[in-house]
Every structure is written in structure tokens, then in C-alpha cells.
$ cat start20.cif   # mmCIF, C-alpha atoms and all ligand atoms
data_protein
#
loop_
_atom_site.group_PDB
_atom_site.id
_atom_site.type_symbol
_atom_site.label_atom_id
_atom_site.label_comp_id
_atom_site.auth_asym_id
_atom_site.auth_seq_id
_atom_site.Cartn_x
_atom_site.Cartn_y
_atom_site.Cartn_z
ATOM 1 C CA MET A 1 -71.185 28.009 -10.329
ATOM 2 C CA PHE A 2 -69.211 25.072 -8.868
ATOM 3 C CA VAL A 3 -67.492 24.804 -5.511
ATOM 4 C CA ALA A 4 -64.884 22.026 -5.336
ATOM 5 C CA ALA A 5 -63.927 20.413 -1.996
ATOM 6 C CA ILE A 6 -60.293 19.268 -1.760
ATOM 7 C CA GLN A 7 -59.707 15.860 -0.181
ATOM 8 C CA ASP A 8 -57.322 15.305 2.729
ATOM 9 C CA ASN A 9 -56.691 12.733 5.479
ATOM 10 C CA ALA A 10 -56.864 15.168 8.393
ATOM 11 C CA SER A 11 -59.401 14.598 11.159
ATOM 12 C CA ASP A 12 -60.319 18.258 11.386
ATOM 13 C CA GLY A 13 -64.122 18.137 11.546
ATOM 14 C CA ASP A 14 -66.742 19.645 9.301
ATOM 15 C CA THR A 15 -65.938 23.039 7.761
ATOM 16 C CA VAL A 16 -68.369 25.766 6.635
ATOM 17 C CA VAL A 17 -67.215 28.043 3.801
ATOM 18 C CA ASN A 18 -69.244 31.139 2.941
ATOM 19 C CA VAL A 19 -69.236 31.984 -0.794
ATOM 20 C CA ASN A 20 -70.092 35.653 -1.438
ATOM 21 C CA LEU A 21 -71.727 36.528 -4.773
ATOM 22 C CA THR A 22 -72.304 39.998 -6.197
ATOM 23 C CA THR A 23 -74.379 40.542 -9.345
ATOM 24 C CA SER A 24 -73.230 42.852 -12.077
ATOM 25 C CA SER A 25 -74.267 46.495 -12.149
ATOM 26 C CA THR A 26 -75.394 45.921 -15.741
ATOM 27 C CA ASP A 27 -77.895 43.295 -14.638
ATOM 28 C CA SER A 28 -81.129 45.293 -14.617
ATOM 29 C CA THR A 29 -83.022 42.575 -12.736
ATOM 30 C CA TRP A 30 -80.520 41.742 -9.921
ATOM 31 C CA ASN A 31 -78.482 44.915 -10.026
ATOM 32 C CA ARG A 32 -75.757 44.822 -7.334
ATOM 33 C CA LEU A 33 -77.586 42.137 -5.369
ATOM 34 C CA ASN A 34 -75.234 40.525 -2.807
ATOM 35 C CA LEU A 35 -75.641 36.860 -1.871
ATOM 36 C CA ARG A 36 -73.857 34.787 0.768
ATOM 37 C CA VAL A 37 -74.047 31.036 0.148
ATOM 38 C CA PRO A 38 -72.773 28.773 2.983
ATOM 39 C CA VAL A 39 -71.156 25.528 1.795
ATOM 40 C CA THR A 40 -70.528 22.763 4.357
ATOM 41 C CA VAL A 41 -67.582 20.419 3.727
ATOM 42 C CA ILE A 42 -68.203 17.237 5.754
ATOM 43 C CA ASP A 43 -65.206 15.456 7.310
ATOM 44 C CA GLN A 44 -65.663 11.705 6.736
ATOM 45 C CA SER A 45 -62.923 10.643 9.134
ATOM 46 C CA GLN A 46 -64.207 7.957 11.532
ATOM 47 C CA THR A 47 -61.759 8.975 14.225
ATOM 48 C CA PHE A 48 -62.904 12.561 14.739
ATOM 49 C CA PRO A 49 -63.272 14.125 17.309
ATOM 50 C CA ASN A 50 -60.986 11.988 19.480
ATOM 51 C CA SER A 51 -58.581 9.473 17.996
ATOM 52 C CA ASP A 52 -56.771 8.647 21.264
ATOM 53 C CA PRO A 53 -56.853 4.934 22.165
ATOM 54 C CA TYR A 54 -58.286 3.613 25.436
ATOM 55 C CA VAL A 55 -55.783 2.157 27.911
ATOM 56 C CA THR A 56 -56.169 -0.811 30.275
ATOM 57 C CA LEU A 57 -53.581 -1.841 32.871
ATOM 58 C CA GLY A 58 -52.925 -5.210 34.521
ATOM 59 C CA PHE A 59 -50.412 -7.827 35.650
ATOM 60 C CA ASP A 60 -49.775 -10.864 33.448
ATOM 61 C CA ASN A 61 -49.757 -12.912 36.670
ATOM 62 C CA GLY A 62 -51.421 -11.288 39.664
ATOM 63 C CA THR A 63 -49.861 -13.369 42.453
ATOM 64 C CA ILE A 64 -46.314 -14.091 43.627
ATOM 65 C CA THR A 65 -44.802 -15.888 46.608
ATOM 66 C CA GLU A 66 -42.668 -13.399 48.452
ATOM 67 C CA GLY A 67 -39.399 -15.267 49.127
ATOM 68 C CA ASN A 68 -36.979 -14.456 51.933
ATOM 69 C CA ALA A 69 -34.321 -12.322 50.248
ATOM 70 C CA GLY A 70 -33.415 -10.678 46.972
ATOM 71 C CA THR A 71 -35.972 -9.665 44.351
ATOM 72 C CA GLN A 72 -38.405 -11.171 41.886
ATOM 73 C CA THR A 73 -40.403 -9.504 39.104
ATOM 74 C CA ARG A 74 -43.885 -9.574 37.647
ATOM 75 C CA THR A 75 -44.825 -8.068 34.286
ATOM 76 C CA LEU A 76 -47.110 -5.021 34.361
ATOM 77 C CA ARG A 77 -48.756 -4.497 30.975
ATOM 78 C CA ALA A 78 -50.614 -1.557 29.412
ATOM 79 C CA THR A 79 -52.885 -2.464 26.485
ATOM 80 C CA LEU A 80 -54.588 -0.206 23.920
ATOM 81 C CA ASP A 81 -57.911 -0.862 22.206
ATOM 82 C CA THR A 82 -56.348 0.206 18.893
ATOM 83 C CA VAL A 83 -52.858 0.515 17.445
ATOM 84 C CA ALA A 84 -51.171 3.735 18.601
ATOM 85 C CA THR A 85 -50.742 6.409 15.931
ATOM 86 C CA SER A 86 -48.323 8.335 18.163
ATOM 87 C CA THR A 87 -46.323 7.429 21.273
ATOM 88 C CA VAL A 88 -48.577 6.708 24.272
ATOM 89 C CA THR A 89 -47.104 7.281 27.730
ATOM 90 C CA ILE A 90 -48.886 5.911 30.808
ATOM 91 C CA ASN A 91 -47.619 7.527 34.017
ATOM 92 C CA LEU A 92 -48.050 5.317 37.084
ATOM 93 C CA THR A 93 -48.608 5.820 40.798
ATOM 94 C CA ASP A 94 -49.018 3.403 43.699
ATOM 95 C CA ASN A 95 -52.188 3.356 45.761
ATOM 96 C CA ALA A 96 -51.124 3.750 49.392
ATOM 97 C CA THR A 97 -54.441 2.386 50.687
ATOM 98 C CA CYS A 98 -53.340 -1.118 49.633
ATOM 99 C CA SER A 99 -51.377 -3.155 52.171
ATOM 100 C CA ALA A 100 -48.029 -3.602 50.383
ATOM 101 C CA SER A 101 -45.632 -0.677 50.740
ATOM 102 C CA ASN A 102 -43.824 0.918 47.816
ATOM 103 C CA GLY A 103 -40.069 0.830 48.462
ATOM 104 C CA SER A 104 -40.005 -1.934 51.076
ATOM 105 C CA ASP A 105 -42.339 -4.589 49.648
ATOM 106 C CA PHE A 106 -42.142 -3.641 45.969
ATOM 107 C CA THR A 107 -40.978 -1.004 43.481
ATOM 108 C CA TYR A 108 -42.563 -0.082 40.159
ATOM 109 C CA PRO A 109 -41.672 1.866 36.982
ATOM 110 C CA ALA A 110 -42.637 5.539 36.724
ATOM 111 C CA SER A 111 -44.281 4.988 33.354
ATOM 112 C CA ILE A 112 -44.939 2.566 30.508
ATOM 113 C CA THR A 113 -44.377 3.738 26.930
ATOM 114 C CA ILE A 114 -46.140 2.331 23.876
ATOM 115 C CA PRO A 115 -44.521 3.382 20.563
ATOM 116 C CA ALA A 116 -46.560 4.341 17.507
ATOM 117 C CA GLY A 117 -47.567 1.233 15.595
ATOM 118 C CA GLN A 118 -47.847 -0.889 18.762
ATOM 119 C CA SER A 119 -50.901 -1.705 20.870
ATOM 120 C CA GLU A 120 -49.249 -2.668 24.142
ATOM 121 C CA GLY A 121 -46.234 -2.030 26.335
ATOM 122 C CA ALA A 122 -44.888 -3.612 29.513
ATOM 123 C CA ASP A 123 -42.383 -3.172 32.318
ATOM 124 C CA ASN A 124 -41.425 -5.019 35.489
ATOM 125 C CA VAL A 125 -42.645 -4.521 39.029
ATOM 126 C CA THR A 126 -39.993 -5.722 41.480
ATOM 127 C CA ILE A 127 -40.954 -7.626 44.643
ATOM 128 C CA ASN A 128 -38.625 -7.691 47.653
ATOM 129 C CA GLY A 129 -38.325 -10.833 49.752
ATOM 130 C CA ASP A 130 -38.341 -10.692 53.553
ATOM 131 C CA THR A 131 -38.478 -12.940 56.606
ATOM 132 C CA ASN A 132 -41.207 -11.027 58.417
ATOM 133 C CA THR A 133 -44.155 -12.979 59.755
ATOM 134 C CA GLU A 134 -47.087 -11.121 58.314
ATOM 135 C CA GLU A 135 -50.246 -11.350 56.259
ATOM 136 C CA ASN A 136 -50.358 -11.598 52.478
ATOM 137 C CA GLU A 137 -49.949 -8.116 51.005
ATOM 138 C CA ILE A 138 -51.478 -6.442 47.964
ATOM 139 C CA ALA A 139 -49.636 -3.958 45.742
ATOM 140 C CA CYS A 140 -51.891 -1.603 43.753
ATOM 141 C CA ILE A 141 -50.668 0.380 40.729
ATOM 142 C CA ASP A 142 -52.915 3.174 39.459
ATOM 143 C CA VAL A 143 -52.816 5.389 36.371
ATOM 144 C CA ALA A 144 -51.612 8.894 37.256
ATOM 145 C CA SER A 145 -51.944 10.384 33.757
ATOM 146 C CA ILE A 146 -51.728 9.387 30.095
ATOM 147 C CA THR A 147 -50.283 11.194 27.091
ATOM 148 C CA ASN A 148 -52.025 10.446 23.752
ATOM 149 C CA GLY A 149 -54.413 7.979 25.348
ATOM 150 C CA ILE A 150 -57.493 7.715 27.569
ATOM 151 C CA GLU A 151 -57.787 5.664 30.763
ATOM 152 C CA ASP A 152 -60.537 3.083 30.202
ATOM 153 C CA GLY A 153 -62.652 3.861 33.256
ATOM 154 C CA THR A 154 -60.586 3.549 36.441
ATOM 155 C CA GLN A 155 -57.707 1.136 35.949
ATOM 156 C CA GLN A 156 -55.871 -0.493 38.870
ATOM 157 C CA ALA A 157 -53.358 -3.345 38.558
ATOM 158 C CA ARG A 158 -53.326 -5.501 41.715
ATOM 159 C CA LEU A 159 -50.598 -7.947 42.729
ATOM 160 C CA THR A 160 -50.980 -10.302 45.719
ATOM 161 C CA ILE A 161 -47.643 -10.901 47.465
ATOM 162 C CA ARG A 162 -48.028 -14.170 49.373
ATOM 163 C CA ASN A 163 -46.243 -14.275 52.707
ATOM 164 C CA ASP A 164 -44.235 -17.505 53.087
ATOM 165 C CA GLU A 165 -43.141 -17.338 56.711
ATOM 166 C CA PRO A 166 -44.419 -20.231 58.857
ATOM 167 C CA VAL A 167 -46.975 -19.389 61.465
ATOM 168 C CA PRO A 168 -45.303 -19.582 64.886
ATOM 169 C CA PRO A 169 -46.912 -21.628 67.647
ATOM 170 C CA PRO A 170 -48.937 -19.821 70.281
ATOM 171 C CA THR A 171 -46.927 -18.405 73.151
ATOM 172 C CA ASN A 172 -47.655 -17.611 76.779
ATOM 173 C CA LEU A 173 -49.872 -20.681 77.110
ATOM 174 C CA THR A 174 -51.091 -20.887 80.697
ATOM 175 C CA GLY A 175 -53.776 -22.917 82.412
ATOM 176 C CA THR A 176 -55.591 -22.760 85.679
ATOM 177 C CA THR A 177 -57.746 -25.413 87.320
ATOM 178 C CA PRO A 178 -60.664 -23.912 89.149
ATOM 179 C CA ALA A 179 -62.432 -25.635 92.044
ATOM 180 C CA ASN A 180 -64.631 -27.450 89.567
ATOM 181 C CA THR A 181 -61.997 -29.790 88.069
ATOM 182 C CA GLN A 182 -64.149 -30.571 85.030
ATOM 183 C CA GLN A 183 -63.188 -27.159 83.731
ATOM 184 C CA VAL A 184 -59.764 -25.708 82.821
ATOM 185 C CA ASN A 185 -59.285 -22.103 81.820
ATOM 186 C CA LEU A 186 -56.595 -21.635 79.174
ATOM 187 C CA THR A 187 -55.175 -18.400 77.842
ATOM 188 C CA TRP A 188 -52.584 -17.895 75.083
ATOM 189 C CA THR A 189 -51.155 -15.279 72.781
ATOM 190 C CA VAL A 190 -50.879 -15.449 68.979
ATOM 191 C CA SER A 191 -48.994 -13.027 66.796
ATOM 192 C CA PRO A 192 -49.893 -11.706 64.367
ATOM 193 C CA GLU A 193 -53.458 -12.473 65.351
ATOM 194 C CA SER A 194 -54.752 -12.241 61.784
ATOM 195 C CA LEU A 195 -52.737 -15.280 60.679
ATOM 196 C CA PHE A 196 -54.632 -17.669 62.961
ATOM 197 C CA PRO A 197 -58.029 -19.154 62.314
ATOM 198 C CA PHE A 198 -60.626 -18.403 64.936
ATOM 199 C CA ASN A 199 -61.369 -22.054 65.721
ATOM 200 C CA HIS A 200 -58.558 -23.290 67.977
ATOM 201 C CA VAL A 201 -58.864 -26.993 68.721
ATOM 202 C CA ILE A 202 -57.746 -28.104 72.184
ATOM 203 C CA TYR A 203 -56.717 -31.772 72.756
HETATM 204 CA CA CA B 1 -40.518 -14.547 53.217
HETATM 205 CA CA CA B 2 -43.508 -8.824 53.009
HETATM 206 CA CA CA B 3 -42.955 -12.157 54.960
#

$ encode --input "start20.cif" --output "C-alpha cells" --more "lines below"
Ligand SMILES: [Ca+2]
Ligand SMILES: [Ca+2]
Ligand SMILES: [Ca+2]
Amino acid sequence: MFVAAIQDNASDGDTVVNVNLTTSSTDSTWNRLNLRVPVTVIDQSQTFPNSDPYVTLGFDNGTITEGNAGTQTRTLRATLDTVATSTVTINLTDNATCSASNGSDFTYPASITIPAGQSEGADNVTINGDTNTEENEIACIDVASITNGIEDGTQQARLTIRNDEPVPPPTNLTGTTPANTQQVNLTWTVSPESLFPFNHVIY
């Protein structure tokens, strides 16, 4: 008896086929003996069980100087570890724990799409200029979900938006001369405090 396996290209895993045999009633030795013979057809596909590509996410250039008005862009790129066999969609979300604010400091695309046959896709993140005196800000884009792909660990694209407003001079500078004239007490106010180094030199 021969059992022939039929070739295909499907990644459908190993298959077990049970072949049932019944001997003839005229066979005096094995009369009506029933046999069940399992035959395993092994799937040789290298991509089974999961053929989805792994996805990484990042900016081509992770810093930008803010500017005072209008918008600028930076390229946000999603990259696969293999060529896509079907369309891969990476849905994006912003991480609100980072200092830059979605909507006022930057805006980003809802998703990046990678067509079948490609291994990467990209879209623009838009940065808004302002004239606010502030610290550098960081925009963080996370992966919300992926269709036909797998997030490679935890991906987060980070963009540093460099503030370009000049640091204003200290204000409310006052001095007093105590009885001991070798000593002068000075007080002043800086804003925002985080923009000033801690070592203030007095001449
Ligand atoms: Ca500015
Ligand atoms: Ca800003
Ligand atoms: Ca600013």
C-alpha cells in the first residue's frame, strides 16, 4: 500500500491522516481485522507557525531646533526584519509622560503603512515653533497596535525639540549691606529656574 503526500506552499503545520484498513472476509488468517494506520505529513515551511515580521520604530533624525513660528517635520520610520508578504499597518499613539505635548508642540500620523513587498514605511511628524521660554522638550511616539506584524519588544520613537529662546537675565535683583560690610546679601529671581545653571558667578 502507498500513501502519497501532495505538495503545497501553505504554512499550515504538520497534518496527521488516519488510514483505515479492513481485511477481506475470505482471508482465513486476518478475517475482518480492522487496522488504523496514522500517517504524519510534515510541513517543511520555515515560516510556520508565525510568518509576521517584527517591527521597529524610530526617527531618522532624533533632534530638531524648535523655531519661533510655522512648522517643521522629521521623518518617523517603521522597519521590518523581513519583506512584508501582506500589508503591515502600525497604529501609533503618543506617550503623554514625555514633556512635549501632542497638538501644541507636535502632531503625528495615526498610522504607518508598509505595502506587501516592502520592508519599511515612513511618515512625517510635524513640530510647531513657538516663542515660549522653556526647557527642551521630548516627543515620544509609541506603537498602539500592529496588523500583520509584531512589535519588536517595546518600541518608542523619541524626538528632542530644542528650545531656542534666549535665557532672560535674572530679575528682582536686590542687595542689602549688613553691619559687617565685608558681606553683602543678594537675592534674585530666575524663570524658568530649570534653564539656569546652579553656579551663579557674582562679580
Ligand atoms: Ca522658539
Ligand atoms: Ca516649545
Ligand atoms: Ca520655545

$ resolve_selection --input "start20.cif" --expression "the PyMOL selection byres (((not hetatm)) within 9 of (chain B and resi 2))" --output "count of residues only"
23

$ atom_distance --input "start20.cif" --atom1 "atom CA of Thr87 of chain A" --atom2 "atom CA of Pro109 of chain A"
17.3 Å

$ resolve_selection --input "start20.cif" --expression "the PyMOL selection byres (((chain A and resi 56) around 6) and not hetatm)" --output "list in words"
Val55, Leu57, Ala78, Thr79 and Asp152 of chain A

$ atom_distance --input "start20.cif" --atom1 "atom CA of Gly13 of chain A" --atom2 "atom CA of Gln118 of chain A"
26.1 Å

$ residues_around --input "start20.cif" --residues "Val88 of chain A" --least-positions-apart "2" --cutoff "9 Å" --atoms "all atoms listed in the file" --output "PyMOL selection string"
chain A and resi 52-53+84-86+90+112-116+146-149

$ write_last_selection --input "start20.cif" --atoms "C-alpha atoms" --output "PDB file, keeping the file's coordinate frame"
ATOM      1  CA  ASP A  52     -56.771   8.647  21.264  1.00  0.00           C
ATOM      2  CA  PRO A  53     -56.853   4.934  22.165  1.00  0.00           C
ATOM      3  CA  ALA A  84     -51.171   3.735  18.601  1.00  0.00           C
ATOM      4  CA  THR A  85     -50.742   6.409  15.931  1.00  0.00           C
ATOM      5  CA  SER A  86     -48.323   8.335  18.163  1.00  0.00           C
ATOM      6  CA  ILE A  90     -48.886   5.911  30.808  1.00  0.00           C
ATOM      7  CA  ILE A 112     -44.939   2.566  30.508  1.00  0.00           C
ATOM      8  CA  THR A 113     -44.377   3.738  26.930  1.00  0.00           C
ATOM      9  CA  ILE A 114     -46.140   2.331  23.876  1.00  0.00           C
ATOM     10  CA  PRO A 115     -44.521   3.382  20.563  1.00  0.00           C
ATOM     11  CA  ALA A 116     -46.560   4.341  17.507  1.00  0.00           C
ATOM     12  CA  ILE A 146     -51.728   9.387  30.095  1.00  0.00           C
ATOM     13  CA  THR A 147     -50.283  11.194  27.091  1.00  0.00           C
ATOM     14  CA  ASN A 148     -52.025  10.446  23.752  1.00  0.00           C
ATOM     15  CA  GLY A 149     -54.413   7.979  25.348  1.00  0.00           C
TER      16      GLY A 149
END

$ residues_around --input "start20.cif" --residues "Asn18 of chain A" --least-positions-apart "6" --cutoff "9 Å" --atoms "all atoms listed in the file" --output "list in words"
Arg36, Val37, Pro38, Val39 and Thr40 of chain A

$ atom_distance --input "start20.cif" --atom1 "atom CA of Leu21 of chain A" --atom2 "atom CA of Asn34 of chain A"
5.7 Å

$ closest_residue --input "start20.cif" --among "A:Val184, A:Val83, A:Ala179, A:Leu76" --to "Cys140 of chain A" --atoms "only C-alpha atoms"
A:Leu76

$ decode --input "start20.cif" --residues "segment 84-156 of chain A" --atoms "C-alpha atoms" --output "tab-separated table (two decimals), in the first residue's frame"
chain	number	residue	atom	x	y	z
A	84	ALA	CA	6.17	42.09	4.09
A	85	THR	CA	4.06	39.39	2.45
A	86	SER	CA	0.87	41.36	3.15
A	87	THR	CA	0.18	44.98	4.09
A	88	VAL	CA	1.53	45.85	7.56
A	89	THR	CA	-0.20	48.67	9.44
A	90	ILE	CA	1.44	50.19	12.52
A	91	ASN	CA	-1.02	52.23	14.59
A	92	LEU	CA	0.64	54.96	16.65
A	93	THR	CA	-0.02	56.73	19.93
A	94	ASP	CA	1.83	59.47	21.80
A	95	ASN	CA	3.21	58.87	25.27
A	96	ALA	CA	1.83	61.63	27.49
A	97	THR	CA	4.51	61.08	30.14
A	98	CYS	CA	7.05	62.75	27.83
A	99	SER	CA	7.41	66.53	28.09
A	100	ALA	CA	6.31	67.65	24.60
A	101	SER	CA	2.55	67.94	24.13
A	102	ASN	CA	0.68	66.43	21.21
A	103	GLY	CA	-1.27	69.17	19.41
A	104	SER	CA	0.67	72.18	20.70
A	105	ASP	CA	4.32	71.12	20.38
A	106	PHE	CA	3.93	68.46	17.69
A	107	THR	CA	1.45	66.33	15.73
A	108	TYR	CA	1.95	62.82	14.38
A	109	PRO	CA	0.29	60.42	11.90
A	110	ALA	CA	-2.29	57.92	13.17
A	111	SER	CA	-0.50	55.05	11.46
A	112	ILE	CA	2.28	54.00	9.11
A	113	THR	CA	1.50	51.51	6.33
A	114	ILE	CA	4.03	49.17	4.73
A	115	PRO	CA	2.77	47.56	1.49
A	116	ALA	CA	3.44	43.92	0.63
A	117	GLY	CA	6.85	43.58	-0.97
A	118	GLN	CA	8.35	46.42	1.09
A	119	SER	CA	10.31	46.29	4.34
A	120	GLU	CA	9.82	49.83	5.60
A	121	GLY	CA	7.42	52.75	5.61
A	122	ALA	CA	7.62	56.34	6.83
A	123	ASP	CA	5.56	59.43	7.56
A	124	ASN	CA	6.19	62.91	8.95
A	125	VAL	CA	5.90	64.17	12.50
A	126	THR	CA	5.21	67.91	12.48
A	127	ILE	CA	6.87	70.24	15.00
A	128	ASN	CA	5.31	73.60	15.87
A	129	GLY	CA	7.51	76.61	16.53
A	130	ASP	CA	6.87	78.94	19.47
A	131	THR	CA	8.42	81.86	21.33
A	132	ASN	CA	7.95	80.43	24.81
A	133	THR	CA	10.93	80.41	27.13
A	134	GLU	CA	11.07	76.83	28.25
A	135	GLU	CA	13.18	73.71	28.54
A	136	ASN	CA	13.98	71.36	25.67
A	137	GLU	CA	11.03	69.02	25.14
A	138	ILE	CA	10.83	65.36	24.16
A	139	ALA	CA	8.09	63.90	21.95
A	140	CYS	CA	7.54	60.14	22.37
A	141	ILE	CA	5.65	58.02	19.81
A	142	ASP	CA	4.62	54.52	20.87
A	143	VAL	CA	3.13	51.57	19.00
A	144	ALA	CA	-0.58	51.19	19.79
A	145	SER	CA	-1.17	48.06	17.69
A	146	ILE	CA	0.07	46.35	14.53
A	147	THR	CA	-1.78	44.47	11.81
A	148	ASN	CA	0.21	41.64	10.14
A	149	GLY	CA	3.31	42.37	12.20
A	150	ILE	CA	4.81	42.03	15.68
A	151	GLU	CA	6.24	44.85	17.79
A	152	ASP	CA	9.92	44.05	18.40
A	153	GLY	CA	9.93	44.33	22.19
A	154	THR	CA	8.68	47.75	23.29
A	155	GLN	CA	9.31	50.34	20.60
A	156	GLN	CA	9.33	54.09	21.32
